[in-house]
Amino acid sequence: MSLPSSPLAQALFAALFTWGLTAAGASLIFLTKSVNSRLMDAMLGFAAGVMIAASFWSLLGPGIEMAEQLGQPAWLTAAAGFMGGGVFMRLMDKFLPHLHPGLGMDKQEGVRTSLQRSTLLVLAITLHNIPEGLALGVAFSAGASELKAATLGGAAALAVGIGIQNIPEGAAVALPLRREGLSKGWSFFLGQLSGVVELLSALAGTLLVMRIQTLLPFTLCFAAGAMMFVVVEELIPESQQKYENIDLATMATMTGFCLMMVLDVAMG
């Protein structure tokens, strides 16, 4: 099946695909009320590996090459974009109310609110999906440009990688909600709903750079920095919490990295 010709339609198509896999992960709630901690840590580690590889091969590397092709100081564009993405996510983390699974209400992050625990849990994963959607939008805009540094195949590889790692993210929302006492249907609905922001941020990223080609290198590096913030601040620490699962989570991280690397090199 061929992709649409418009970068906006391509990003929308890719975001719907990744949203669908988020829903697939959330649907695990209909099979079980909980997932073995070893499996969950392995899935989180795998997701971290995918995002680390995607940050370089699909975003930062092409961004640097594209900056050189456009005559921009590549080191400055890469550094400013990468750190800008990290700072953006730090501010989101600081101000957006959210709560990570397994923690008490006293560990709520962001601005203090009276939101229900279930809403805060959903917002935690929603925060993760912002840079993923942004990466999709920018990658498809770059793939449609006339610059050789980025390709449509590379953008498609990114969508596949993000989609795969969205499966554990969907489960990471729905299963804790079920343990909180919500019904299976409501847990599934909120779990898949966390993927909506990926769709919105993909469209925003595409619209931002679709007609301003000089912004592409910066925004690619920006998306890479935002994804790395999520990996280092959340995914890796969460996957390494149980001592007995550390080696498994580490190997899962390497497996995810390798898979994303192969996808990008083969398709890009």
# chains A, B, ... in the order shown; residues from 1 in each chain; ligands from 1
>>> residues_around(residues="segment 26-41 of chain A", least_positions_apart="4", cutoff="9 Å", atoms="only C-alpha atoms", output="PyMOL selection string")
chain A and resi 21-22+45-46+167-176+178-179+184-185+187-192+238-242+244-246+248-249+252
>>> write_last_selection(atoms="C-alpha atoms", output="PDB file, in the first residue's frame")
ATOM      1  CA  LEU A  21      -0.781   0.282  18.013  1.00  0.00           C
ATOM      2  CA  THR A  22      -1.240   2.295  21.209  1.00  0.00           C
ATOM      3  CA  GLY A  45      13.505  -1.086  27.954  1.00  0.00           C
ATOM      4  CA  PHE A  46      12.681  -2.056  24.384  1.00  0.00           C
ATOM      5  CA  ILE A 167       2.295  -1.129  22.298  1.00  0.00           C
ATOM      6  CA  PRO A 168       3.902  -1.250  25.764  1.00  0.00           C
ATOM      7  CA  GLU A 169       3.017   2.414  26.307  1.00  0.00           C
ATOM      8  CA  GLY A 170      -0.676   1.669  25.720  1.00  0.00           C
ATOM      9  CA  ALA A 171      -0.461  -1.230  28.168  1.00  0.00           C
ATOM     10  CA  ALA A 172       1.395   0.969  30.662  1.00  0.00           C
ATOM     11  CA  VAL A 173      -1.657   3.241  30.839  1.00  0.00           C
ATOM     12  CA  ALA A 174      -4.521   0.758  30.695  1.00  0.00           C
ATOM     13  CA  LEU A 175      -3.234  -1.869  33.137  1.00  0.00           C
ATOM     14  CA  PRO A 176      -2.578   0.507  36.065  1.00  0.00           C
ATOM     15  CA  ARG A 178      -7.576  -1.383  35.736  1.00  0.00           C
ATOM     16  CA  ARG A 179      -5.712  -2.007  39.012  1.00  0.00           C
ATOM     17  CA  LYS A 184     -12.000  -2.831  31.412  1.00  0.00           C
ATOM     18  CA  GLY A 185     -13.805  -0.688  28.849  1.00  0.00           C
ATOM     19  CA  SER A 187      -9.328   1.510  31.116  1.00  0.00           C
ATOM     20  CA  PHE A 188      -9.009   0.668  27.414  1.00  0.00           C
ATOM     21  CA  PHE A 189     -10.616   3.950  26.348  1.00  0.00           C
ATOM     22  CA  LEU A 190      -8.254   6.048  28.461  1.00  0.00           C
ATOM     23  CA  GLY A 191      -5.271   3.930  27.415  1.00  0.00           C
ATOM     24  CA  GLN A 192      -5.824   4.467  23.705  1.00  0.00           C
ATOM     25  CA  GLU A 238      11.225   2.844  35.119  1.00  0.00           C
ATOM     26  CA  SER A 239      12.602  -0.254  33.375  1.00  0.00           C
ATOM     27  CA  GLN A 240      15.473  -0.569  35.883  1.00  0.00           C
ATOM     28  CA  GLN A 241      13.583  -0.252  39.165  1.00  0.00           C
ATOM     29  CA  LYS A 242      13.647  -3.963  40.067  1.00  0.00           C
ATOM     30  CA  GLU A 244      16.337  -8.765  39.356  1.00  0.00           C
ATOM     31  CA  ASN A 245      15.083  -7.366  36.021  1.00  0.00           C
ATOM     32  CA  ILE A 246      17.975  -5.016  35.243  1.00  0.00           C
ATOM     33  CA  LEU A 248      16.670  -8.278  31.037  1.00  0.00           C
ATOM     34  CA  ALA A 249      15.641  -4.624  30.632  1.00  0.00           C
ATOM     35  CA  ALA A 252      15.647  -5.379  25.724  1.00  0.00           C
TER      36      ALA A 252
END
>>> select_by_dssp(residues="segment 36-131 of chain A", states="alpha helix (DSSP H)", output="PyMOL selection string")
chain A and resi 37-53+61-69+74-95+117-131
>>> write_last_selection(atoms="C-alpha atoms", output="PDB file, in the first residue's frame")
ATOM      1  CA  SER A  37       6.948  -7.180  35.987  1.00  0.00           C
ATOM      2  CA  ARG A  38       9.704  -8.821  33.940  1.00  0.00           C
ATOM      3  CA  LEU A  39       7.668  -8.434  30.772  1.00  0.00           C
ATOM      4  CA  MET A  40       6.725  -4.831  31.548  1.00  0.00           C
ATOM      5  CA  ASP A  41      10.332  -3.859  32.328  1.00  0.00           C
ATOM      6  CA  ALA A  42      11.483  -5.564  29.132  1.00  0.00           C
ATOM      7  CA  MET A  43       8.843  -3.698  27.094  1.00  0.00           C
ATOM      8  CA  LEU A  44       9.832  -0.353  28.626  1.00  0.00           C
ATOM      9  CA  GLY A  45      13.505  -1.086  27.954  1.00  0.00           C
ATOM     10  CA  PHE A  46      12.681  -2.056  24.384  1.00  0.00           C
ATOM     11  CA  ALA A  47      10.761   1.203  23.892  1.00  0.00           C
ATOM     12  CA  ALA A  48      13.756   3.139  25.230  1.00  0.00           C
ATOM     13  CA  GLY A  49      16.084   1.434  22.756  1.00  0.00           C
ATOM     14  CA  VAL A  50      13.809   2.216  19.823  1.00  0.00           C
ATOM     15  CA  MET A  51      13.617   5.880  20.798  1.00  0.00           C
ATOM     16  CA  ILE A  52      17.373   6.230  21.315  1.00  0.00           C
ATOM     17  CA  ALA A  53      18.109   4.809  17.859  1.00  0.00           C
ATOM     18  CA  GLY A  61      21.776  12.565  11.838  1.00  0.00           C
ATOM     19  CA  PRO A  62      19.538  13.771   8.988  1.00  0.00           C
ATOM     20  CA  GLY A  63      19.165  17.129  10.737  1.00  0.00           C
ATOM     21  CA  ILE A  64      22.938  17.628  10.791  1.00  0.00           C
ATOM     22  CA  GLU A  65      23.302  16.633   7.133  1.00  0.00           C
ATOM     23  CA  MET A  66      20.410  18.857   6.134  1.00  0.00           C
ATOM     24  CA  ALA A  67      21.892  21.840   7.980  1.00  0.00           C
ATOM     25  CA  GLU A  68      25.144  21.343   6.027  1.00  0.00           C
ATOM     26  CA  GLN A  69      23.260  21.180   2.718  1.00  0.00           C
ATOM     27  CA  ALA A  74      25.582  22.219  11.537  1.00  0.00           C
ATOM     28  CA  TRP A  75      27.073  21.990  15.029  1.00  0.00           C
ATOM     29  CA  LEU A  76      25.101  25.024  16.212  1.00  0.00           C
ATOM     30  CA  THR A  77      21.823  23.896  14.641  1.00  0.00           C
ATOM     31  CA  ALA A  78      22.200  20.411  16.121  1.00  0.00           C
ATOM     32  CA  ALA A  79      23.149  21.635  19.594  1.00  0.00           C
ATOM     33  CA  ALA A  80      20.466  24.338  19.736  1.00  0.00           C
ATOM     34  CA  GLY A  81      17.750  22.028  18.432  1.00  0.00           C
ATOM     35  CA  PHE A  82      18.698  19.053  20.605  1.00  0.00           C
ATOM     36  CA  MET A  83      18.947  21.061  23.826  1.00  0.00           C
ATOM     37  CA  GLY A  84      15.857  23.065  22.878  1.00  0.00           C
ATOM     38  CA  GLY A  85      13.859  19.846  22.670  1.00  0.00           C
ATOM     39  CA  GLY A  86      15.117  18.771  26.070  1.00  0.00           C
ATOM     40  CA  VAL A  87      14.304  22.130  27.660  1.00  0.00           C
ATOM     41  CA  PHE A  88      10.830  22.066  26.111  1.00  0.00           C
ATOM     42  CA  MET A  89      10.109  18.643  27.611  1.00  0.00           C
ATOM     43  CA  ARG A  90      11.541  19.718  30.975  1.00  0.00           C
ATOM     44  CA  LEU A  91       9.113  22.624  31.048  1.00  0.00           C
ATOM     45  CA  MET A  92       6.234  20.335  30.069  1.00  0.00           C
ATOM     46  CA  ASP A  93       7.297  17.925  32.806  1.00  0.00           C
ATOM     47  CA  LYS A  94       7.478  20.757  35.332  1.00  0.00           C
ATOM     48  CA  PHE A  95       4.094  22.311  34.621  1.00  0.00           C
ATOM     49  CA  ARG A 117      -5.587   9.804  39.860  1.00  0.00           C
ATOM     50  CA  SER A 118      -6.751   8.112  36.649  1.00  0.00           C
ATOM     51  CA  THR A 119      -6.498  11.396  34.729  1.00  0.00           C
ATOM     52  CA  LEU A 120      -3.002  12.050  36.055  1.00  0.00           C
ATOM     53  CA  LEU A 121      -1.885   8.560  34.990  1.00  0.00           C
ATOM     54  CA  VAL A 122      -3.127   9.173  31.448  1.00  0.00           C
ATOM     55  CA  LEU A 123      -1.395  12.555  31.322  1.00  0.00           C
ATOM     56  CA  ALA A 124       1.933  10.910  32.232  1.00  0.00           C
ATOM     57  CA  ILE A 125       1.948   8.792  29.061  1.00  0.00           C
ATOM     58  CA  THR A 126       0.397  11.608  27.041  1.00  0.00           C
ATOM     59  CA  LEU A 127       3.483  13.651  27.909  1.00  0.00           C
ATOM     60  CA  HIS A 128       5.661  10.905  26.371  1.00  0.00           C
ATOM     61  CA  ASN A 129       3.722  10.968  23.125  1.00  0.00           C
ATOM     62  CA  ILE A 130       4.284  14.653  22.349  1.00  0.00           C
ATOM     63  CA  PRO A 131       7.858  14.263  21.028  1.00  0.00           C
TER      64      PRO A 131
END
>>> residues_around(residues="segment 6-10 of chain A", least_positions_apart="5", cutoff="12 Å", atoms="only C-alpha atoms", output="PyMOL selection string")
chain A and resi 15-17+136-145+151-153+155-156+159+199-211
>>> atom_distance(atom1="atom CA of Gln116 of chain A", atom2="atom CA of Ile236 of chain A")
26.4 Å
>>> atom_distance(atom1="atom CA of Asp264 of chain A", atom2="atom CA of Ser58 of chain A")
6.8 Å
>>> decode(residues="segment 92-119 of chain A", atoms="C-alpha atoms", output="mmCIF file, in the first residue's frame")
data_model
loop_
_atom_site.group_PDB
_atom_site.id
_atom_site.type_symbol
_atom_site.label_atom_id
_atom_site.label_comp_id
_atom_site.auth_asym_id
_atom_site.auth_seq_id
_atom_site.Cartn_x
_atom_site.Cartn_y
_atom_site.Cartn_z
ATOM 1 C CA MET A 92 6.234 20.335 30.069
ATOM 2 C CA ASP A 93 7.297 17.925 32.806
ATOM 3 C CA LYS A 94 7.478 20.757 35.332
ATOM 4 C CA PHE A 95 4.094 22.311 34.621
ATOM 5 C CA LEU A 96 1.820 19.586 33.170
ATOM 6 C CA PRO A 97 0.086 17.713 36.023
ATOM 7 C CA HIS A 98 0.832 13.969 35.825
ATOM 8 C CA LEU A 99 1.492 10.883 37.905
ATOM 9 C CA HIS A 100 3.570 7.864 36.946
ATOM 10 C CA PRO A 101 2.175 4.341 37.479
ATOM 11 C CA GLY A 102 2.952 2.730 40.814
ATOM 12 C CA LEU A 103 3.429 6.009 42.682
ATOM 13 C CA GLY A 104 1.241 7.580 45.359
ATOM 14 C CA MET A 105 -0.617 10.848 44.912
ATOM 15 C CA ASP A 106 2.070 12.585 46.961
ATOM 16 C CA LYS A 107 4.446 11.948 44.034
ATOM 17 C CA GLN A 108 2.308 13.934 41.591
ATOM 18 C CA GLU A 109 4.455 16.069 39.267
ATOM 19 C CA GLY A 110 3.699 19.370 37.601
ATOM 20 C CA VAL A 111 1.313 22.021 38.831
ATOM 21 C CA ARG A 112 -0.725 20.728 41.768
ATOM 22 C CA THR A 113 -4.339 20.086 40.855
ATOM 23 C CA SER A 114 -7.391 18.233 42.131
ATOM 24 C CA LEU A 115 -7.515 15.987 39.061
ATOM 25 C CA GLN A 116 -8.383 12.348 39.646
ATOM 26 C CA ARG A 117 -5.587 9.804 39.860
ATOM 27 C CA SER A 118 -6.751 8.112 36.649
ATOM 28 C CA THR A 119 -6.498 11.396 34.729
#
